[in-house]
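Remarks on the structure that follows.
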Amino acid sequence: MTLLKRLILFTLLLTIAFPYQAFAYKVVLDPGHGGSDPGAIGVGGLRETDVNLDITLKVRQALLERGYEVVMTRTNDTFLSLAERVAFTNEQQADLFVSIHANAHSSSKANGTMVLYYDNAYPQEDYPASSAMTQLTPYSKDLAQHVQDALLAQSGTKDLGLTPSAVYVARMGTIPSILVETAFLTNASDAALLASSSMRSKMALGIANGISSYEPPPFTDVLVHWSKAAVLRMKNKGIVEGVGNNYEPDRALTRAEFLTLMDRVFTFSKLPAVCSTNGSVTSNVYGCGSDASKSYSDLSTSHWASTVFAKAAKLNLLQGYADGTIRPNQAITRGEVAYLFNQLLQMTSPTAQPTYTAAFDDVPKSMWSASAILSLKDKGIINGISDTSFKPDQTMTRAEIAALLDRYLTK
């Protein structure tokens with residue numbers, strides 16, 4: 001069997017064994033304690049920091065082998081504050097956070113495995129959660145249950161169930177988060193398990209299996225965003241896409257992204273080409289029906305959106321710049337979106353444009369996009385930033401375009 005065939009077979013086996021979506025997920029693993037904070041000291045002098053790191057490194061390896069992207073808050077015996085762990089996690093734009101610990105109790109009889117998560121049904125006044133985590137309870141709880149079940153299946157330890165908790169790393173983040181208590185260092189039987197390299201490997205496998213069996217919700221970064229419903233509806237319709245498992249709702253929409261969305265909604269190839277001329281000058285900036293990538297220095301055929309720009313060329317949608325560029329990666333403004341969207345509406349179902357009324361204080365009648373903005377507002381497709389302000393020169397965000405398309409496609 002050739003190397004290529006082996007790689008293909010390996011990929012197929014992974015696809016069968018684990019959900020396809022897992023290949024896009026990013027997980028932050030957090031070995032509890034470290035450095036000047038060794039955590040609990042157990043039977044036989046077993047240090048929690050060492051146990052946590054060893055198990056977490058094994059979890060990381062298991063997840064990497066399954067196609068996950070994995071980052072760790074620490075990879076050696078280093079101290080990090082709880083706030084630093086959460087801040088690090090927030091910077092990662094990850095999908096899941098899993099903190100791994102070993103437990104301790106004043107009674108040597110306490111033993112077993114539990115998983116902690118923040119539950120908004122049990123708020124603690126002295127330990128308030130982040131605004132995001134108060135809404136993420138069902139996702140964190142679901143993750144906790146998957147990991148608890150899979151960990152028990154491998155370790156055979158006593159099932160102590162799920163525990164609603166205000167522990168810092170589980171209540172202050174922005175993504176589904178849990179804290180795993182593998183077993184008790186202060187119980188002789190549990191400590192013997194934690195001291196065993198083979199058992200730590202089994203525990204790591206169980207945690208990895210639990211993460212693998214859990215399917216994070218699409219676009220983790222919109223779960224508590226105002227645009228969540230619109231974004232998810234547009235995703236389900238095949239209109240919007242994310243970057244990995246994030247949607248990046250507050251990022252400015254680019255010209256290339258906008259044209260791509262418009263092509264999915266209006267199907268450019270089904271619209272009649274626009275090719276008007278004034279004497280010998282073609283009003284289509286590309287040259288009617290020409291290849292856009294040949295006309296603009298910053299739009300090569302290798303650009304991911306070159307095909308959609310070529311389609312847009314036939315519809316005379318975008319104008320180039322005096323320096324010979326089309327700037328596909330430049331952010332598009334709210335006024336430009338309104339103008340072009342209205343233009344496409346007129347191509348598909350022409351309607352009389354409304355008589356101008358002062359709908360927004362910052363959209364005078366003389367503004368080039370005023371008629372389009374008013375028309376879309378009258379149709380209930382576009383909204384202002386406020387009742388009196390549209391901000392036509394402000395860039396449109398990815399959340400705003402999802403909301404606009406949702407209003408148009410579901411009205």
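By convention in this document, the chains of the structure tokens carry letters A, B, ... by their order, each chain's residues are numbered from 1, and ligands are numbered from 1 in the order they are shown.
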Within region 77-193 of chain A, find each residue whose DSSP state, derived from the backbone, is helix (DSSP H, G or I), and express the selection as a ChimeraX atom specification. /A:82-92,131-135,137-155,168-171,188-193
Can those selected residues be exported to a file as a PDB file, in the first residue's frame so that it contains C-alpha atoms?
```pdb
ATOM      1  CA  LEU A  82      -6.899  32.264  37.384  1.00  0.00           C
ATOM      2  CA  ALA A  83      -7.468  35.608  35.656  1.00  0.00           C
ATOM      3  CA  GLU A  84      -4.481  34.969  33.370  1.00  0.00           C
ATOM      4  CA  ARG A  85      -5.882  31.581  32.379  1.00  0.00           C
ATOM      5  CA  VAL A  86      -9.228  33.096  31.431  1.00  0.00           C
ATOM      6  CA  ALA A  87      -7.616  36.027  29.618  1.00  0.00           C
ATOM      7  CA  PHE A  88      -5.421  33.631  27.655  1.00  0.00           C
ATOM      8  CA  THR A  89      -8.449  31.547  26.734  1.00  0.00           C
ATOM      9  CA  ASN A  90     -10.428  34.581  25.571  1.00  0.00           C
ATOM     10  CA  GLU A  91      -7.577  35.516  23.229  1.00  0.00           C
ATOM     11  CA  GLN A  92      -7.648  32.115  21.523  1.00  0.00           C
ATOM     12  CA  SER A 131     -22.385  37.927  31.120  1.00  0.00           C
ATOM     13  CA  ALA A 132     -21.482  35.288  28.547  1.00  0.00           C
ATOM     14  CA  MET A 133     -21.273  32.401  30.992  1.00  0.00           C
ATOM     15  CA  THR A 134     -24.704  33.122  32.430  1.00  0.00           C
ATOM     16  CA  GLN A 135     -26.100  32.271  29.000  1.00  0.00           C
ATOM     17  CA  THR A 137     -25.118  27.037  31.013  1.00  0.00           C
ATOM     18  CA  PRO A 138     -26.780  24.478  28.687  1.00  0.00           C
ATOM     19  CA  TYR A 139     -23.655  24.182  26.541  1.00  0.00           C
ATOM     20  CA  SER A 140     -21.256  23.871  29.481  1.00  0.00           C
ATOM     21  CA  LYS A 141     -23.537  21.374  31.200  1.00  0.00           C
ATOM     22  CA  ASP A 142     -23.773  19.263  28.069  1.00  0.00           C
ATOM     23  CA  LEU A 143     -19.986  19.254  27.709  1.00  0.00           C
ATOM     24  CA  ALA A 144     -19.619  18.356  31.384  1.00  0.00           C
ATOM     25  CA  GLN A 145     -21.932  15.362  31.036  1.00  0.00           C
ATOM     26  CA  HIS A 146     -20.124  14.038  27.965  1.00  0.00           C
ATOM     27  CA  VAL A 147     -16.760  14.261  29.700  1.00  0.00           C
ATOM     28  CA  GLN A 148     -18.036  12.784  32.974  1.00  0.00           C
ATOM     29  CA  ASP A 149     -19.587   9.778  31.237  1.00  0.00           C
ATOM     30  CA  ALA A 150     -16.552   9.062  29.084  1.00  0.00           C
ATOM     31  CA  LEU A 151     -14.086   9.558  31.932  1.00  0.00           C
ATOM     32  CA  LEU A 152     -15.978   7.144  34.191  1.00  0.00           C
ATOM     33  CA  ALA A 153     -16.059   4.573  31.415  1.00  0.00           C
ATOM     34  CA  GLN A 154     -12.261   4.580  31.310  1.00  0.00           C
ATOM     35  CA  SER A 155     -11.375   5.075  34.987  1.00  0.00           C
ATOM     36  CA  TYR A 168     -13.394  31.147  38.551  1.00  0.00           C
ATOM     37  CA  VAL A 169     -12.321  29.475  35.313  1.00  0.00           C
ATOM     38  CA  ALA A 170     -15.782  27.979  34.789  1.00  0.00           C
ATOM     39  CA  ARG A 171     -17.734  31.192  35.401  1.00  0.00           C
ATOM     40  CA  ALA A 188      -5.635   5.980  49.263  1.00  0.00           C
ATOM     41  CA  SER A 189      -7.400   4.095  46.458  1.00  0.00           C
ATOM     42  CA  ASP A 190      -7.884   7.142  44.256  1.00  0.00           C
ATOM     43  CA  ALA A 191      -4.332   8.339  44.892  1.00  0.00           C
ATOM     44  CA  ALA A 192      -3.008   4.971  43.774  1.00  0.00           C
ATOM     45  CA  LEU A 193      -4.893   5.409  40.509  1.00  0.00           C
TER      46      LEU A 193
END
```
Neighbouring residues of Gly39 (chain A) were defined as those with any atom within 7 Å, considering only C-alpha atoms; residues of the same chain fewer than 4 positions away were excluded. Please report them as an MDAnalysis selection string. chainID A and resid 33 47:49
Can you list every residue in region 148-196 of chain A that DSSP puts in strand (DSSP E), as a PyMOL selection string? chain A and resi 159-164+177-184
Export N, CA and C atoms of the chosen residues as a compact mmCIF listing (two decimals), in the first residue's frame?
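File out-v4.txt, as written:
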```txt
# COMPACT_ATOMS: atom_id res chain seq x y z
N ASP A 159 -18.91 7.61 40.59
CA ASP A 159 -19.57 8.70 39.88
C ASP A 159 -20.15 9.70 40.89
N LEU A 160 -19.52 10.87 40.97
CA LEU A 160 -20.02 11.93 41.86
C LEU A 160 -20.88 12.95 41.09
N GLY A 161 -21.05 12.70 39.82
CA GLY A 161 -21.96 13.52 39.02
C GLY A 161 -21.42 14.88 38.65
N LEU A 162 -22.33 15.71 38.15
CA LEU A 162 -21.99 17.08 37.77
C LEU A 162 -22.24 18.00 38.95
N THR A 163 -21.40 19.03 39.06
CA THR A 163 -21.51 19.95 40.18
C THR A 163 -21.59 21.39 39.69
N PRO A 164 -22.74 22.06 39.84
CA PRO A 164 -22.80 23.49 39.54
C PRO A 164 -21.81 24.22 40.45
N SER A 177 -17.37 25.96 29.21
CA SER A 177 -16.21 25.72 30.06
C SER A 177 -16.55 24.74 31.18
N ILE A 178 -15.59 23.86 31.48
CA ILE A 178 -15.78 22.91 32.58
C ILE A 178 -14.47 22.75 33.34
N LEU A 179 -14.59 22.21 34.56
CA LEU A 179 -13.41 21.85 35.35
C LEU A 179 -13.59 20.39 35.78
N VAL A 180 -12.63 19.56 35.41
CA VAL A 180 -12.69 18.12 35.69
C VAL A 180 -11.92 17.81 36.97
N GLU A 181 -12.56 17.13 37.90
CA GLU A 181 -11.88 16.61 39.10
C GLU A 181 -11.75 15.10 38.92
N THR A 182 -10.57 14.67 38.50
CA THR A 182 -10.39 13.28 38.08
C THR A 182 -10.60 12.27 39.21
N ALA A 183 -9.99 12.55 40.37
CA ALA A 183 -10.09 11.64 41.53
C ALA A 183 -9.46 12.36 42.73
N PHE A 184 -9.55 11.74 43.90
CA PHE A 184 -9.09 12.38 45.14
C PHE A 184 -7.67 11.95 45.50
```
Distance query Asp77 (chain A) at most 12 Å, only C-alpha atoms, self and fewer than 2 positions along chain excluded, as number ranges by chain: A: 31-39, 47-54, 73-75, 79-80
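Distance check against Ser106 (chain A) using only C-alpha atoms: of A:Ile41, A:Ala252, A:Ala94, A:Ala129, the minimum falls on A:Ile41.
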Can you pull out the residues contacting Asn383 (chain A)? Cut-off 12 Å, using only C-alpha atoms, and skip same-chain residues under 2 positions away; I want them as a PyMOL selection string. chain A and resi 334-335+338+359-360+373-381+385-392+396+400-401+403-405+407-408
Output N, CA and C atoms of each residue in that selection to a file, as a PDB file, in the first residue's frame.
```pdb
ATOM      1  N   ARG A 334     -21.898  50.859   4.982  1.00  0.00           N
ATOM      2  CA  ARG A 334     -23.345  50.641   5.059  1.00  0.00           C
ATOM      3  C   ARG A 334     -24.053  51.293   3.865  1.00  0.00           C
ATOM      4  N   GLY A 335     -23.554  52.444   3.445  1.00  0.00           N
ATOM      5  CA  GLY A 335     -24.145  53.091   2.278  1.00  0.00           C
ATOM      6  C   GLY A 335     -23.930  52.287   1.014  1.00  0.00           C
ATOM      7  N   ALA A 338     -26.248  49.242   1.016  1.00  0.00           N
ATOM      8  CA  ALA A 338     -27.625  49.612   0.685  1.00  0.00           C
ATOM      9  C   ALA A 338     -27.776  49.869  -0.806  1.00  0.00           C
ATOM     10  N   ALA A 359     -35.648  60.306   6.324  1.00  0.00           N
ATOM     11  CA  ALA A 359     -35.727  59.158   7.228  1.00  0.00           C
ATOM     12  C   ALA A 359     -34.634  59.197   8.287  1.00  0.00           C
ATOM     13  N   PHE A 360     -33.444  59.671   7.911  1.00  0.00           N
ATOM     14  CA  PHE A 360     -32.312  59.727   8.834  1.00  0.00           C
ATOM     15  C   PHE A 360     -31.655  61.100   8.728  1.00  0.00           C
ATOM     16  N   ILE A 373     -31.157  53.651   0.417  1.00  0.00           N
ATOM     17  CA  ILE A 373     -31.345  53.501   1.865  1.00  0.00           C
ATOM     18  C   ILE A 373     -32.814  53.636   2.220  1.00  0.00           C
ATOM     19  N   LEU A 374     -33.481  54.649   1.650  1.00  0.00           N
ATOM     20  CA  LEU A 374     -34.898  54.863   1.933  1.00  0.00           C
ATOM     21  C   LEU A 374     -35.741  53.695   1.433  1.00  0.00           C
ATOM     22  N   SER A 375     -35.425  53.200   0.243  1.00  0.00           N
ATOM     23  CA  SER A 375     -36.185  52.085  -0.321  1.00  0.00           C
ATOM     24  C   SER A 375     -36.084  50.839   0.542  1.00  0.00           C
ATOM     25  N   LEU A 376     -34.871  50.519   0.980  1.00  0.00           N
ATOM     26  CA  LEU A 376     -34.689  49.323   1.808  1.00  0.00           C
ATOM     27  C   LEU A 376     -35.309  49.501   3.190  1.00  0.00           C
ATOM     28  N   LYS A 377     -35.269  50.722   3.694  1.00  0.00           N
ATOM     29  CA  LYS A 377     -35.902  50.978   4.984  1.00  0.00           C
ATOM     30  C   LYS A 377     -37.418  50.786   4.864  1.00  0.00           C
ATOM     31  N   ASP A 378     -38.007  51.320   3.796  1.00  0.00           N
ATOM     32  CA  ASP A 378     -39.447  51.169   3.593  1.00  0.00           C
ATOM     33  C   ASP A 378     -39.860  49.711   3.456  1.00  0.00           C
ATOM     34  N   LYS A 379     -38.981  48.882   2.909  1.00  0.00           N
ATOM     35  CA  LYS A 379     -39.260  47.458   2.728  1.00  0.00           C
ATOM     36  C   LYS A 379     -38.985  46.655   4.003  1.00  0.00           C
ATOM     37  N   GLY A 380     -38.456  47.314   5.036  1.00  0.00           N
ATOM     38  CA  GLY A 380     -38.152  46.611   6.279  1.00  0.00           C
ATOM     39  C   GLY A 380     -36.924  45.742   6.191  1.00  0.00           C
ATOM     40  N   ILE A 381     -36.013  46.050   5.256  1.00  0.00           N
ATOM     41  CA  ILE A 381     -34.828  45.229   5.050  1.00  0.00           C
ATOM     42  C   ILE A 381     -33.628  45.770   5.803  1.00  0.00           C
ATOM     43  N   ILE A 385     -28.607  52.858  12.626  1.00  0.00           N
ATOM     44  CA  ILE A 385     -27.878  52.632  13.874  1.00  0.00           C
ATOM     45  C   ILE A 385     -28.761  53.051  15.043  1.00  0.00           C
ATOM     46  N   SER A 386     -29.569  54.074  14.793  1.00  0.00           N
ATOM     47  CA  SER A 386     -30.585  54.524  15.743  1.00  0.00           C
ATOM     48  C   SER A 386     -31.792  54.969  14.926  1.00  0.00           C
ATOM     49  N   ASP A 387     -32.811  55.483  15.581  1.00  0.00           N
ATOM     50  CA  ASP A 387     -34.004  55.937  14.865  1.00  0.00           C
ATOM     51  C   ASP A 387     -33.710  57.108  13.941  1.00  0.00           C
ATOM     52  N   THR A 388     -32.693  57.879  14.243  1.00  0.00           N
ATOM     53  CA  THR A 388     -32.417  59.088  13.462  1.00  0.00           C
ATOM     54  C   THR A 388     -31.078  59.054  12.731  1.00  0.00           C
ATOM     55  N   SER A 389     -30.284  58.001  12.930  1.00  0.00           N
ATOM     56  CA  SER A 389     -28.952  57.947  12.331  1.00  0.00           C
ATOM     57  C   SER A 389     -28.740  56.641  11.575  1.00  0.00           C
ATOM     58  N   PHE A 390     -28.251  56.756  10.339  1.00  0.00           N
ATOM     59  CA  PHE A 390     -27.956  55.563   9.544  1.00  0.00           C
ATOM     60  C   PHE A 390     -26.457  55.279   9.488  1.00  0.00           C
ATOM     61  N   LYS A 391     -25.636  56.312   9.534  1.00  0.00           N
ATOM     62  CA  LYS A 391     -24.180  56.207   9.426  1.00  0.00           C
ATOM     63  C   LYS A 391     -23.775  55.481   8.141  1.00  0.00           C
ATOM     64  N   PRO A 392     -24.046  56.111   6.993  1.00  0.00           N
ATOM     65  CA  PRO A 392     -23.757  55.465   5.711  1.00  0.00           C
ATOM     66  C   PRO A 392     -22.280  55.214   5.449  1.00  0.00           C
ATOM     67  N   MET A 396     -19.917  48.124   7.437  1.00  0.00           N
ATOM     68  CA  MET A 396     -20.944  47.164   7.861  1.00  0.00           C
ATOM     69  C   MET A 396     -20.264  45.951   8.469  1.00  0.00           C
ATOM     70  N   GLU A 400     -24.272  42.594  11.051  1.00  0.00           N
ATOM     71  CA  GLU A 400     -25.287  43.437  10.408  1.00  0.00           C
ATOM     72  C   GLU A 400     -25.733  42.862   9.075  1.00  0.00           C
ATOM     73  N   ILE A 401     -24.808  42.304   8.295  1.00  0.00           N
ATOM     74  CA  ILE A 401     -25.220  41.745   6.998  1.00  0.00           C
ATOM     75  C   ILE A 401     -26.065  40.491   7.206  1.00  0.00           C
ATOM     76  N   ALA A 403     -28.104  40.014   9.696  1.00  0.00           N
ATOM     77  CA  ALA A 403     -29.422  40.505  10.099  1.00  0.00           C
ATOM     78  C   ALA A 403     -30.185  41.052   8.909  1.00  0.00           C
ATOM     79  N   LEU A 404     -29.483  41.774   8.020  1.00  0.00           N
ATOM     80  CA  LEU A 404     -30.128  42.310   6.815  1.00  0.00           C
ATOM     81  C   LEU A 404     -30.656  41.179   5.936  1.00  0.00           C
ATOM     82  N   LEU A 405     -29.831  40.189   5.693  1.00  0.00           N
ATOM     83  CA  LEU A 405     -30.253  39.065   4.850  1.00  0.00           C
ATOM     84  C   LEU A 405     -31.375  38.269   5.505  1.00  0.00           C
ATOM     85  N   ARG A 407     -33.695  39.498   7.453  1.00  0.00           N
ATOM     86  CA  ARG A 407     -34.936  40.261   7.257  1.00  0.00           C
ATOM     87  C   ARG A 407     -35.459  40.099   5.827  1.00  0.00           C
ATOM     88  N   TYR A 408     -34.526  40.101   4.870  1.00  0.00           N
ATOM     89  CA  TYR A 408     -34.949  39.993   3.480  1.00  0.00           C
ATOM     90  C   TYR A 408     -35.489  38.596   3.148  1.00  0.00           C
TER      91      TYR A 408
END
```
Residues at most 10 Å from region 231-245 of chain A, counting only C-alpha atoms, excluding those fewer than 6 positions away in the same chain, as a VMD selection string? chain A and resid 21 to 26 93 to 95 216 to 223 225 257 260 to 265 398 to 403 405 to 406 409 to 410
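Going from CA of Glu69 (chain A) to CA of Pro176 (chain A) covers 16.0 Å.
Note that the spacing between CA of Gly210 (chain A) and CA of Arg60 (chain A) amounts to 12.9 Å.
Distances here use only C-alpha atoms; by that measure, the residue among A:Asp119, A:Leu29, A:Leu317, A:Thr351 closest to Leu64 (chain A) is A:Leu29.
With distances restricted to only C-alpha atoms, A:Ile175 is the closest residue to Asn246 (chain A) from A:Ile207, A:Ala313, A:Ile175, A:Met199.
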d(CA of Gln353 (chain A), CA of Phe268 (chain A)) in Å: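 Calculated distance between CA of Gln353 (chain A) and CA of Phe268 (chain A) is 22.3 Å.
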